[in-house]
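Participant: Pasting data.cif here (mmCIF, C-alpha atoms):
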```cif
data_upload
loop_
_atom_site.label_atom_id
_atom_site.label_comp_id
_atom_site.auth_asym_id
_atom_site.auth_seq_id
_atom_site.Cartn_x
_atom_site.Cartn_y
_atom_site.Cartn_z
CA MET B 86 0.00 0.00 0.00
CA GLU B 87 2.85 2.37 0.89
CA VAL B 88 4.47 1.81 -2.47
CA THR B 89 1.24 2.65 -4.22
CA VAL B 90 0.92 5.95 -2.34
CA VAL B 91 4.47 6.92 -3.19
CA THR B 92 3.75 6.10 -6.81
CA VAL B 93 0.70 8.31 -6.83
CA LEU B 94 2.54 11.20 -5.21
CA HIS B 95 5.38 10.84 -7.68
CA PHE B 96 2.86 10.84 -10.47
CA LYS B 97 1.35 14.12 -9.27
CA TRP B 98 4.77 15.67 -8.72
CA GLU B 99 5.83 14.59 -12.16
CA TYR B 100 2.84 16.28 -13.64
CA LYS B 101 3.37 19.56 -11.76
CA GLN B 102 7.08 19.70 -12.33
CA SER B 103 7.07 18.76 -15.93
CA MET B 104 4.14 20.57 -17.38
CA ASN B 105 4.74 23.64 -19.37
CA SER B 106 1.21 24.81 -18.85
CA THR B 107 -0.91 26.97 -21.06
CA SER B 108 -4.65 27.39 -20.96
CA SER B 109 -5.24 27.20 -24.66
CA HIS B 110 -7.82 24.94 -26.33
CA SER B 111 -6.44 21.59 -27.51
CA ALA B 112 -4.87 22.38 -30.86
CA VAL B 113 -5.51 19.01 -32.50
CA ALA B 114 -8.94 17.64 -33.29
CA ASN B 115 -9.43 14.63 -31.09
CA GLU B 116 -11.65 11.55 -31.18
CA LEU B 117 -13.90 12.86 -28.41
CA TYR B 118 -14.44 16.47 -29.37
CA GLU B 119 -15.14 15.73 -33.03
CA MET B 120 -18.28 13.85 -31.96
CA LEU B 121 -19.64 16.63 -29.76
CA SER B 122 -21.79 19.66 -30.44
CA PRO B 123 -20.04 23.07 -30.40
CA GLY B 124 -21.87 23.90 -27.13
CA VAL B 125 -20.53 20.85 -25.29
CA GLN B 126 -17.07 21.40 -26.79
CA ALA B 127 -17.10 24.95 -25.42
CA GLU B 128 -18.01 23.62 -21.96
CA LEU B 129 -15.08 21.22 -22.06
CA VAL B 130 -12.68 23.93 -23.23
CA LYS B 131 -13.53 25.94 -20.11
CA ALA B 132 -11.97 23.29 -17.87
CA GLU B 133 -9.17 21.94 -20.04
CA ARG B 134 -5.48 22.65 -19.61
CA SER B 135 -2.81 22.10 -22.23
CA MET B 136 0.81 21.35 -21.39
CA THR B 137 3.99 19.79 -22.67
CA VAL B 138 5.33 16.79 -20.78
CA PRO B 139 8.79 15.23 -21.17
CA GLU B 140 9.72 11.74 -22.34
CA GLY B 141 9.10 9.11 -19.67
CA THR B 142 6.07 10.82 -18.15
CA THR B 143 3.40 8.33 -17.14
CA LEU B 144 0.05 9.78 -18.15
CA ILE B 145 -2.13 6.85 -17.02
CA ARG B 146 -0.91 4.27 -14.55
CA GLN B 147 -2.36 0.78 -14.22
CA ASP B 148 -4.48 0.39 -11.05
CA VAL B 149 -4.29 4.10 -10.18
CA PRO B 150 -7.55 6.06 -10.67
CA PRO B 151 -6.89 8.83 -13.21
CA GLU B 152 -7.61 12.38 -12.13
CA ASN B 153 -7.98 13.62 -15.67
CA LEU B 154 -9.02 12.68 -19.13
CA VAL B 155 -5.82 12.93 -21.19
CA ILE B 156 -5.82 14.00 -24.84
CA ILE B 157 -2.64 13.51 -26.87
CA ASN B 158 -2.11 16.55 -29.10
CA SER B 159 1.32 15.54 -30.41
CA GLY B 160 4.13 13.15 -29.59
CA LYS B 161 4.37 9.41 -29.21
CA VAL B 162 3.12 7.38 -26.28
CA ALA B 163 3.39 3.68 -25.43
CA VAL B 164 0.49 1.68 -24.07
CA SER B 165 1.40 -1.32 -21.94
CA LEU B 166 -0.23 -3.86 -19.70
CA ASN B 167 1.60 -5.47 -16.79
CA CYS B 168 1.66 -9.25 -16.84
CA MET B 169 3.55 -11.71 -14.69
CA ARG B 170 5.96 -12.42 -17.55
CA GLY B 171 6.59 -8.74 -18.14
CA ALA B 172 4.74 -5.96 -19.87
CA ALA B 173 2.74 -6.56 -23.02
CA SER B 174 2.98 -3.35 -24.98
CA VAL B 175 2.13 -1.53 -28.15
CA ASP B 176 3.25 1.85 -29.43
CA TYR B 177 0.59 4.38 -30.13
CA SER B 178 1.39 7.67 -31.72
CA GLU B 179 -1.75 8.98 -33.34
CA PRO B 180 -2.49 12.53 -32.18
CA GLY B 181 -6.04 13.03 -31.03
CA LYS B 182 -6.20 9.82 -28.95
CA VAL B 183 -7.97 10.20 -25.61
CA PHE B 184 -6.87 8.12 -22.61
CA GLY B 185 -8.50 7.44 -19.25
CA MET B 186 -12.09 7.34 -20.53
CA ARG B 187 -12.87 3.76 -19.55
CA ALA B 188 -11.73 4.25 -15.96
CA LEU B 189 -13.62 7.53 -15.71
CA VAL B 190 -16.97 6.33 -16.98
CA SER B 191 -16.93 2.86 -15.40
CA GLY B 192 -15.29 3.80 -12.11
CA GLU B 193 -12.94 0.84 -12.54
CA LEU B 194 -9.18 1.09 -12.20
CA PRO B 195 -7.17 1.54 -15.41
CA GLU B 196 -5.75 -1.69 -16.80
CA ILE B 197 -3.05 -0.04 -18.90
CA ASN B 198 -0.06 2.24 -18.51
CA VAL B 199 0.31 5.15 -20.92
CA THR B 200 3.84 6.54 -21.03
CA CYS B 201 5.37 9.23 -23.22
CA VAL B 202 8.19 7.86 -25.35
CA GLU B 203 9.07 11.40 -26.42
CA SER B 204 8.11 14.90 -25.39
CA CYS B 205 4.34 15.19 -25.81
CA SER B 206 1.83 17.98 -25.97
CA ILE B 207 -1.29 16.99 -24.06
CA THR B 208 -4.57 18.46 -22.89
CA VAL B 209 -6.22 17.34 -19.67
CA VAL B 210 -9.84 17.65 -18.55
CA PRO B 211 -10.48 17.10 -14.82
CA ARG B 212 -12.39 13.89 -14.04
CA ASP B 213 -15.12 15.43 -11.86
CA TYR B 214 -15.80 18.20 -14.35
CA PHE B 215 -16.09 15.72 -17.21
CA LEU B 216 -18.39 13.36 -15.29
CA SER B 217 -20.63 16.24 -14.27
CA LEU B 218 -20.82 17.42 -17.87
CA LEU B 219 -21.59 13.87 -18.99
CA GLN B 220 -24.45 13.62 -16.50
CA ASN B 221 -26.01 16.81 -17.81
CA ASN B 222 -25.30 16.07 -21.50
CA PRO B 223 -25.88 12.36 -22.15
CA GLU B 224 -25.32 12.93 -25.87
CA ILE B 225 -21.60 12.90 -24.97
CA TYR B 226 -21.97 9.10 -24.73
CA PHE B 227 -21.66 8.92 -28.49
CA GLY B 228 -18.18 10.44 -28.21
CA VAL B 229 -17.47 8.18 -25.24
CA ALA B 230 -18.39 5.17 -27.41
CA LYS B 231 -15.96 6.31 -30.09
CA VAL B 232 -13.12 6.64 -27.56
CA LEU B 233 -13.90 3.23 -26.03
CA SER B 234 -13.97 1.70 -29.50
CA SER B 235 -10.45 2.86 -30.14
CA ASP B 236 -9.42 1.58 -26.67
CA LEU B 237 -10.71 -1.82 -27.70
CA LYS B 238 -8.70 -1.64 -30.90
CA ILE B 239 -5.56 -0.94 -28.88
CA ALA B 240 -6.33 -3.97 -26.68
CA ASP B 241 -6.74 -6.11 -29.79
CA ARG B 242 -3.44 -4.78 -31.17
CA ILE B 243 -1.68 -5.68 -27.92
CA LEU B 244 -3.21 -9.14 -28.12
CA ARG B 245 -2.10 -9.65 -31.73
CA LYS B 246 1.36 -8.24 -31.17
CA ASN B 247 2.04 -10.32 -28.08
CA SER B 248 0.39 -13.54 -29.14
CA ARG B 249 3.67 -14.86 -30.53
CA ARG B 250 5.40 -14.33 -27.20
CA PHE B 251 2.73 -16.04 -25.20
CA PHE B 252 1.38 -18.71 -27.50
CA CYS B 253 3.18 -21.96 -27.02
CA GLY B 254 1.79 -23.97 -29.92
CA PRO B 255 3.52 -24.75 -33.19
CA ARG B 256 2.89 -22.88 -36.40
CA SER B 257 0.02 -24.07 -38.56
CA ARG B 258 0.12 -27.78 -39.21
CA THR B 259 -2.15 -30.13 -41.11
CA VAL B 260 -4.04 -32.33 -38.69
CA LYS B 261 -6.31 -35.29 -39.18
CA PRO B 262 -9.85 -34.89 -37.91
CA ASP B 263 -11.01 -37.04 -34.98
CA MET X 133 -39.05 -24.17 -34.88
CA ALA X 134 -36.62 -25.86 -37.30
CA TYR X 135 -33.76 -24.37 -35.30
CA HIS X 136 -35.21 -25.46 -31.93
CA PHE X 137 -35.64 -21.93 -30.65
CA GLN X 138 -38.40 -19.41 -30.91
CA ILE X 139 -37.73 -16.49 -33.23
CA ILE X 140 -38.19 -13.19 -31.40
CA GLU X 141 -39.38 -10.58 -33.85
CA ASP X 142 -40.69 -7.94 -31.46
CA CYS X 143 -38.05 -6.50 -29.12
CA LEU X 144 -40.79 -4.99 -26.95
CA LYS X 145 -42.12 -8.48 -26.22
CA CYS X 146 -38.75 -10.18 -25.79
CA ALA X 147 -38.63 -12.00 -22.46
CA PHE X 148 -34.85 -11.87 -22.32
CA ARG X 149 -34.30 -8.16 -22.87
CA GLU X 150 -33.94 -7.29 -19.18
CA HIS X 151 -31.13 -9.84 -18.85
CA ASN X 152 -29.20 -8.61 -21.84
CA LEU X 153 -26.70 -5.78 -21.56
CA PHE X 154 -27.73 -3.88 -24.67
CA CYS X 155 -31.44 -4.68 -24.97
CA ASP X 156 -32.74 -3.27 -21.68
CA LEU X 157 -33.68 0.08 -23.24
CA SER X 158 -36.52 2.55 -22.75
CA ARG X 159 -39.81 1.77 -24.54
CA GLU X 160 -39.24 4.70 -26.91
CA ALA X 161 -35.80 3.42 -27.86
CA LEU X 162 -37.09 -0.14 -28.29
CA GLY X 163 -39.90 1.17 -30.48
CA ARG X 164 -37.35 2.85 -32.76
CA LEU X 165 -35.11 -0.22 -32.70
CA GLN X 166 -38.08 -2.24 -33.92
CA HIS X 167 -38.23 -0.06 -37.04
CA ILE X 168 -34.56 -0.01 -37.94
CA LYS X 169 -33.63 -3.65 -37.33
CA ALA X 170 -33.84 -6.61 -39.66
CA THR X 171 -34.27 -9.97 -38.00
CA SER X 172 -32.48 -12.97 -39.47
CA VAL X 173 -31.82 -16.53 -38.44
CA TYR X 174 -28.46 -18.07 -39.26
CA PRO X 175 -27.32 -21.70 -39.34
CA LYS X 176 -24.23 -22.90 -37.51
CA GLY X 177 -21.07 -21.68 -39.24
CA ALA X 178 -22.60 -18.56 -40.82
CA LEU X 179 -20.24 -15.60 -41.16
CA LEU X 180 -21.85 -12.39 -39.93
CA CYS X 181 -18.86 -10.20 -40.73
CA LEU X 182 -15.27 -10.58 -41.80
CA GLU X 183 -12.13 -9.07 -40.36
CA GLY X 184 -11.01 -6.17 -42.55
CA GLN X 185 -14.39 -5.78 -44.23
CA SER X 186 -15.88 -2.27 -44.39
CA PRO X 187 -18.52 -1.87 -41.69
CA ARG X 188 -22.09 -2.36 -42.87
CA GLY X 189 -23.70 -2.22 -39.46
CA ILE X 190 -24.08 -4.04 -36.19
CA PHE X 191 -25.61 -7.37 -35.19
CA VAL X 192 -27.46 -7.79 -31.91
CA LEU X 193 -27.15 -11.47 -31.05
CA CYS X 194 -30.61 -12.50 -29.78
CA THR X 195 -30.21 -16.28 -29.55
CA GLY X 196 -27.23 -18.58 -29.99
CA ARG X 197 -23.53 -17.98 -29.69
CA ALA X 198 -20.84 -16.74 -32.05
CA LYS X 199 -17.06 -16.82 -32.02
CA LEU X 200 -14.98 -13.73 -32.66
CA SER X 201 -11.66 -14.53 -34.25
CA THR X 202 -8.75 -12.57 -35.62
CA THR X 203 -5.35 -13.19 -37.14
CA SER X 204 -2.25 -12.88 -34.97
CA SER X 205 0.88 -11.03 -36.03
CA GLU X 206 2.33 -14.29 -37.33
CA GLY X 207 -0.75 -15.25 -39.26
CA LYS X 208 -2.33 -17.68 -36.81
CA SER X 209 -6.04 -17.67 -36.27
CA MET X 210 -6.94 -16.66 -32.72
CA ILE X 211 -10.37 -16.81 -31.10
CA LEU X 212 -10.81 -13.62 -29.11
CA ARG X 213 -13.96 -14.67 -27.29
CA VAL X 214 -17.36 -16.27 -27.65
CA ALA X 215 -20.28 -13.84 -27.78
CA GLU X 216 -23.42 -14.65 -25.80
CA PRO X 217 -27.04 -13.58 -26.43
CA GLY X 218 -27.60 -9.88 -25.91
CA GLU X 219 -24.18 -8.85 -27.18
CA VAL X 220 -23.72 -6.33 -29.94
CA LEU X 221 -21.27 -7.45 -32.61
CA GLY X 222 -19.38 -5.14 -34.94
CA LEU X 223 -19.82 -2.24 -32.54
CA THR X 224 -16.28 -0.88 -32.72
CA ALA X 225 -16.33 -0.74 -36.49
CA ALA X 226 -19.80 0.81 -36.68
CA VAL X 227 -19.00 3.53 -34.15
CA SER X 228 -15.57 4.41 -35.54
CA GLY X 229 -16.30 3.76 -39.22
CA SER X 230 -13.21 1.57 -39.51
CA PRO X 231 -13.11 -2.01 -40.86
CA TYR X 232 -14.40 -4.89 -38.74
CA GLU X 233 -11.73 -5.96 -36.25
CA ALA X 234 -12.77 -9.59 -36.06
CA THR X 235 -14.52 -12.30 -38.04
CA VAL X 236 -17.79 -13.33 -36.42
CA GLU X 237 -19.05 -16.86 -37.06
CA THR X 238 -22.05 -18.51 -35.44
CA LEU X 239 -21.27 -21.57 -33.34
CA GLU X 240 -24.85 -22.80 -33.36
CA PRO X 241 -28.10 -21.80 -35.06
CA SER X 242 -28.60 -18.18 -34.00
CA GLN X 243 -30.91 -15.23 -34.36
CA ALA X 244 -29.38 -11.80 -34.85
CA ASN X 245 -30.90 -8.40 -35.49
CA PHE X 246 -28.97 -6.38 -38.06
CA ILE X 247 -28.96 -2.58 -37.94
CA ALA X 248 -27.36 -0.63 -40.79
CA GLN X 249 -24.49 1.62 -39.72
CA ALA X 250 -26.14 4.95 -40.57
CA ASP X 251 -29.35 3.95 -38.76
CA PHE X 252 -27.38 2.81 -35.75
CA VAL X 253 -25.39 6.06 -35.52
CA ARG X 254 -28.63 8.07 -35.70
CA PHE X 255 -30.19 5.77 -33.08
CA LEU X 256 -27.18 6.34 -30.82
CA GLN X 257 -27.36 10.11 -31.20
CA GLU X 258 -31.11 10.25 -30.70
CA PHE X 259 -31.37 8.12 -27.56
CA PRO X 260 -28.81 8.82 -24.81
CA ASP X 261 -29.71 5.58 -23.00
CA VAL X 262 -28.49 3.69 -26.07
CA GLY X 263 -25.20 5.54 -25.82
CA LEU X 264 -24.92 4.51 -22.19
CA LYS X 265 -25.58 0.86 -23.06
CA VAL X 266 -23.05 0.98 -25.87
CA ALA X 267 -20.46 2.50 -23.52
CA LYS X 268 -21.15 -0.30 -21.00
CA GLN X 269 -20.84 -2.95 -23.69
CA LEU X 270 -17.54 -1.48 -24.94
CA THR X 271 -16.23 -1.20 -21.38
CA HIS X 272 -17.11 -4.86 -20.87
CA ASN X 273 -15.42 -5.83 -24.15
CA CYS X 274 -12.27 -3.91 -23.20
CA LYS X 275 -12.17 -5.69 -19.85
CA CYS X 276 -12.53 -9.07 -21.57
CA ALA X 277 -9.70 -8.19 -23.96
CA TYR X 278 -7.39 -7.10 -21.13
CA ASP X 279 -8.26 -10.24 -19.15
CA GLU X 280 -7.42 -12.28 -22.23
CA ILE X 281 -4.04 -10.57 -22.60
CA ARG X 282 -3.24 -11.18 -18.96
CA SER X 283 -4.39 -14.77 -19.21
CA LEU X 284 -2.11 -15.36 -22.22
CA GLY X 285 0.82 -14.09 -20.24
CA LEU X 286 -0.03 -15.77 -16.97
CA SER X 287 -1.11 -19.28 -17.83
CA ASN X 288 2.00 -21.35 -18.24
CA SER X 289 0.74 -24.79 -19.16
CA VAL X 290 -1.91 -26.03 -21.56
CA PRO X 291 -3.68 -28.07 -18.82
CA GLU X 292 -3.95 -24.87 -16.80
CA LYS X 293 -5.31 -22.87 -19.74
CA LEU X 294 -7.79 -25.60 -20.63
CA ALA X 295 -8.91 -26.00 -17.01
CA LYS X 296 -9.43 -22.25 -16.81
CA LEU X 297 -11.51 -22.29 -20.00
CA ILE X 298 -13.70 -25.18 -18.79
CA LEU X 299 -14.24 -23.46 -15.45
CA ARG X 300 -15.25 -20.29 -17.30
CA TRP X 301 -17.83 -22.28 -19.28
CA ALA X 302 -19.07 -23.76 -16.01
CA GLU X 303 -20.37 -20.30 -15.09
CA HIS X 304 -23.19 -21.01 -17.58
CA PRO X 305 -24.13 -24.62 -16.73
CA LEU X 306 -26.73 -26.72 -18.49
CA ASP X 307 -29.72 -27.79 -16.46
CA LEU X 308 -29.67 -31.55 -17.04
CA SER X 309 -31.74 -34.01 -15.05
CA THR X 310 -29.29 -36.82 -15.83
CA LYS X 311 -26.34 -35.29 -14.04
CA LYS X 312 -25.41 -36.25 -10.49
CA PRO X 313 -25.22 -33.78 -7.61
CA ASN X 314 -21.97 -31.76 -7.61
CA GLU X 315 -21.52 -32.40 -11.32
CA ILE X 316 -21.68 -29.48 -13.72
CA ALA X 317 -22.74 -30.00 -17.32
CA VAL X 318 -21.74 -27.50 -20.00
CA ARG X 319 -22.48 -27.34 -23.71
CA VAL X 320 -19.33 -27.07 -25.79
CA THR X 321 -19.91 -26.06 -29.39
CA LEU X 322 -16.24 -25.45 -30.19
CA THR X 323 -14.20 -28.06 -32.01
CA GLN X 324 -10.84 -29.13 -30.63
CA GLU X 325 -9.19 -27.01 -33.31
CA GLU X 326 -11.18 -23.99 -32.12
CA ILE X 327 -10.35 -24.69 -28.49
CA ALA X 328 -6.69 -24.78 -29.56
CA GLN X 329 -7.11 -21.37 -31.22
CA PHE X 330 -8.75 -20.08 -28.05
CA ILE X 331 -5.92 -21.05 -25.70
CA GLY X 332 -3.02 -20.71 -28.11
CA THR X 333 -1.89 -24.25 -28.68
CA SER X 334 -2.25 -27.09 -31.20
CA ARG X 335 -5.26 -29.36 -31.70
CA GLU X 336 -3.15 -32.41 -30.87
CA THR X 337 -2.18 -30.93 -27.52
CA VAL X 338 -5.82 -30.14 -26.71
CA SER X 339 -6.74 -33.72 -27.60
CA ARG X 340 -3.95 -35.13 -25.41
CA VAL X 341 -4.78 -32.94 -22.41
CA LEU X 342 -8.49 -33.69 -22.71
CA THR X 343 -7.78 -37.40 -22.76
CA GLY X 344 -5.75 -36.89 -19.60
CA PHE X 345 -8.61 -35.02 -17.93
CA ARG X 346 -11.00 -37.84 -18.83
CA LYS X 347 -8.69 -40.60 -17.62
CA LYS X 348 -8.11 -38.80 -14.34
CA GLY X 349 -11.86 -38.44 -13.87
CA PHE X 350 -11.93 -34.64 -14.03
CA ILE X 351 -14.51 -34.50 -16.81
CA ARG X 352 -16.82 -36.70 -18.88
CA VAL X 353 -17.40 -35.91 -22.56
CA LYS X 354 -20.47 -37.02 -24.46
CA GLY X 355 -20.84 -35.22 -27.78
CA ALA X 356 -21.18 -31.51 -27.16
CA THR X 357 -22.02 -32.04 -23.49
CA TRP X 358 -19.09 -31.97 -21.15
CA THR X 359 -19.67 -32.83 -17.51
CA ILE X 360 -17.29 -31.58 -14.86
CA ILE X 361 -16.99 -34.41 -12.36
CA ASN X 362 -14.14 -33.08 -10.24
CA ARG X 363 -14.25 -29.30 -10.19
CA ARG X 364 -11.73 -29.08 -7.35
CA ALA X 365 -9.13 -30.92 -9.44
CA LEU X 366 -9.56 -28.42 -12.29
CA GLU X 367 -9.36 -25.51 -9.87
CA ASN X 368 -6.14 -26.93 -8.44
CA LEU X 369 -4.58 -26.76 -11.90
CA VAL X 370 -5.27 -23.04 -12.08
CA THR X 371 -2.48 -21.24 -10.28
CA THR X 372 -3.10 -17.69 -11.45
#
```
What does the file become when written as structure tokens?

Facilitator:
Amino acid sequence: MEVTVVTVLHFKWEYKQSMNSTSSHSAVANELYEMLSPGVQAELVKAERSMTVPEGTTLIRQDVPPENLVIINSGKVAVSLNCMRGAASVDYSEPGKVFGMRALVSGELPEINVTCVESCSITVVPRDYFLSLLQNNPEIYFGVAKVLSSDLKIADRILRKNSRRFFCGPRSRTVKPD
Amino acid sequence: MAYHFQIIEDCLKCAFREHNLFCDLSREALGRLQHIKATSVYPKGALLCLEGQSPRGIFVLCTGRAKLSTTSSEGKSMILRVAEPGEVLGLTAAVSGSPYEATVETLEPSQANFIAQADFVRFLQEFPDVGLKVAKQLTHNCKCAYDEIRSLGLSNSVPEKLAKLILRWAEHPLDLSTKKPNEIAVRVTLTQEEIAQFIGTSRETVSRVLTGFRKKGFIRVKGATWTIINRRALENLVTT
């Protein structure tokens, strides 16, 4: 438990120390905003903060509730999942990807780590603000569905990429039926 | 009744809708769904959609089961999961407009309601409760995918993986009068080749491990009905 607390504190410190904060609207169109009405977008912009974070910054940590929705404006991040045999990972670099949505809307702990593999420009929206906005504007769920769809694609990519490592069977072989 | 199940044409009268994740919608939403869906019945082995195919729409699986499979990075066929009644198939592709991520094939005669992509997107935008259900379904699918990844990395031996799979099936037991107390009967519609694709091994290995399970008295196999005789023994194989 102590280790977890230290990790969380480090995470917060990392954020505060590393961010080169501005208050501007996220420069890149992202998978969430593009599905929302201009009115809802404007509400989100009120609470968002944009910043630049250095390489190695952990944006989402497995099993730690995220405090923000994180939008990648530019830069490359890696998505990984801790397993007993090590981390199963996949690179993800597409600007406009939103992370932390699943944990925010379901209340469950994140199952992935999202780490910057280079300096990244990000925009964050505080969790409580987003959830309150979602409650009052259920049409946001369409955007939520789009973000969750791309999360599922990432999970499938991790599965495909790591299947070779974990699968123990031989390559395809002709077999006789029973 | 050729398929041994009753075809449900009216979602408003469906007795199962409250038990299904997606179908428990408001009456207004169900009324609209009734207008935009097309009900079809498929035989075993029917392909509902193909991996890489442009999205045409979604399928709500009403009755039956379907396997979702994909191709691994080295070209092997992998079964991602088996969809149960009430699940929406092709959701990711329909919402994002990208090609289908998996091939969906029915494992038994099934009923599915098809909704064209444009109709579904309008339906989603018009009824917020549908959006909520879709978000829940996607959240559930993500969790299943992450569990699968962890299970690939954690399960070391094929007996362990197979035991885990059988115990997962045991969560939906058959109600058979012929079984003895403490026995659990499950219906297995996957072939040994498909089970091998599910747990990442070869068909021969599945066959060998199954024979071992039978000889040790862990399970009894009669056609598609598998009976778990010694659940504790299977649980003891699962270390993770």

Participant: How close does each residue of chain X get to chain B, giving the shortest atom pair and distance in Å to one decimal for every residue with an atom at most 7 Å away, counting all atoms listed in the file, sorted by chain and residue number, as JSON lines?

Facilitator:
```
{"residue": "X:Ser204", "atom": "CA", "partner": "B:Arg245", "partner_atom": "CA", "distance": 4.6}
{"residue": "X:Ser205", "atom": "CA", "partner": "B:Arg245", "partner_atom": "CA", "distance": 5.4}
{"residue": "X:Glu206", "atom": "CA", "partner": "B:Arg249", "partner_atom": "CA", "distance": 7.0}
{"residue": "X:Thr224", "atom": "CA", "partner": "B:Ser234", "partner_atom": "CA", "distance": 4.7}
{"residue": "X:Val227", "atom": "CA", "partner": "B:Lys231", "partner_atom": "CA", "distance": 5.8}
{"residue": "X:Ser228", "atom": "CA", "partner": "B:Lys231", "partner_atom": "CA", "distance": 5.8}
{"residue": "X:Leu256", "atom": "CA", "partner": "B:Phe227", "partner_atom": "CA", "distance": 6.5}
{"residue": "X:Gln257", "atom": "CA", "partner": "B:Glu224", "partner_atom": "CA", "distance": 6.4}
{"residue": "X:Pro260", "atom": "CA", "partner": "B:Pro223", "partner_atom": "CA", "distance": 5.3}
{"residue": "X:Gly263", "atom": "CA", "partner": "B:Tyr226", "partner_atom": "CA", "distance": 4.9}
{"residue": "X:Leu264", "atom": "CA", "partner": "B:Tyr226", "partner_atom": "CA", "distance": 6.0}
{"residue": "X:Val266", "atom": "CA", "partner": "B:Ala230", "partner_atom": "CA", "distance": 6.5}
{"residue": "X:Ala267", "atom": "CA", "partner": "B:Ala230", "partner_atom": "CA", "distance": 5.2}
{"residue": "X:Leu270", "atom": "CA", "partner": "B:Leu233", "partner_atom": "CA", "distance": 6.1}
{"residue": "X:Thr271", "atom": "CA", "partner": "B:Arg187", "partner_atom": "CA", "distance": 6.3}
{"residue": "X:Cys274", "atom": "CA", "partner": "B:Leu237", "partner_atom": "CA", "distance": 5.2}
{"residue": "X:Ala277", "atom": "CA", "partner": "B:Ala240", "partner_atom": "CA", "distance": 6.0}
{"residue": "X:Tyr278", "atom": "CA", "partner": "B:Ala240", "partner_atom": "CA", "distance": 6.5}
{"residue": "X:Ile281", "atom": "CA", "partner": "B:Leu244", "partner_atom": "CA", "distance": 5.8}
{"residue": "X:Arg282", "atom": "CA", "partner": "B:Cys168", "partner_atom": "CA", "distance": 5.7}
{"residue": "X:Leu284", "atom": "CA", "partner": "B:Phe251", "partner_atom": "CA", "distance": 5.7}
{"residue": "X:Gly285", "atom": "CA", "partner": "B:Phe251", "partner_atom": "CA", "distance": 5.7}
{"residue": "X:Leu286", "atom": "CA", "partner": "B:Met169", "partner_atom": "CA", "distance": 5.9}
{"residue": "X:Gly332", "atom": "CA", "partner": "B:Phe252", "partner_atom": "CA", "distance": 4.9}
{"residue": "X:Thr333", "atom": "CA", "partner": "B:Gly254", "partner_atom": "CA", "distance": 3.9}
{"residue": "X:Ser334", "atom": "CA", "partner": "B:Gly254", "partner_atom": "CA", "distance": 5.3}
```

Participant: I need the output of the PyMOL selection byres ((chain X and resi 164-174) around 6) for this file as JSON, numbers by chain; which residues are they?

Facilitator: {"X": [161, 162, 163, 175, 241, 242, 243, 244, 245, 246, 247]}

Participant: Residues of the last selection are to be written out with C-alpha atoms, as a PDB file, in the coordinates of the input.

Facilitator:
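again.pdb, freshly written:
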```pdb
ATOM      1  CA  ALA X 161     -35.800   3.420 -27.860  1.00  0.00           C
ATOM      2  CA  LEU X 162     -37.090  -0.140 -28.290  1.00  0.00           C
ATOM      3  CA  GLY X 163     -39.900   1.170 -30.480  1.00  0.00           C
ATOM      4  CA  PRO X 175     -27.320 -21.700 -39.340  1.00  0.00           C
ATOM      5  CA  PRO X 241     -28.100 -21.800 -35.060  1.00  0.00           C
ATOM      6  CA  SER X 242     -28.600 -18.180 -34.000  1.00  0.00           C
ATOM      7  CA  GLN X 243     -30.910 -15.230 -34.360  1.00  0.00           C
ATOM      8  CA  ALA X 244     -29.380 -11.800 -34.850  1.00  0.00           C
ATOM      9  CA  ASN X 245     -30.900  -8.400 -35.490  1.00  0.00           C
ATOM     10  CA  PHE X 246     -28.970  -6.380 -38.060  1.00  0.00           C
ATOM     11  CA  ILE X 247     -28.960  -2.580 -37.940  1.00  0.00           C
TER      12      ILE X 247
END
```

Participant: If we count all atoms listed in the file, what is near B:Leu144 at a cut-off of 10 Å, once residues fewer than 3 positions away on the same chain are taken out, given as a ChimeraX atom specification?

Facilitator: /B:96-97,99-100,138,141,151,153-157,162,184-185,198-201,207,209

Participant: How many Å separate atom CA of X:Ala178 from atom CA of X:Lys199?

Facilitator: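 Value for the atom CA of X:Ala178-atom CA of X:Lys199 distance: 10.5 Å.
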
Participant: Return as JSON, numbers by chain the set of residues that the PyMOL selection byres ((chain X and resi 330) around 12) yields on the displayed structure.

Facilitator: {"B": [248, 252, 254], "X": [199, 200, 201, 202, 203, 204, 208, 209, 210, 211, 212, 213, 214, 280, 281, 283, 284, 290, 293, 294, 296, 297, 298, 322, 323, 324, 325, 326, 327, 328, 329, 331, 332, 333, 334, 335, 338]}

Participant: To verify the selection step, state as a list in words which residues the PyMOL selection byres ((chain X and resi 356) around 7) yields on this input.

Facilitator: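 Taken on the displayed file, the PyMOL selection byres ((chain X and resi 356) around 7) yields the residues Arg319, Val320, Thr321, Lys354, Gly355, Thr357 and Trp358 of chain X.
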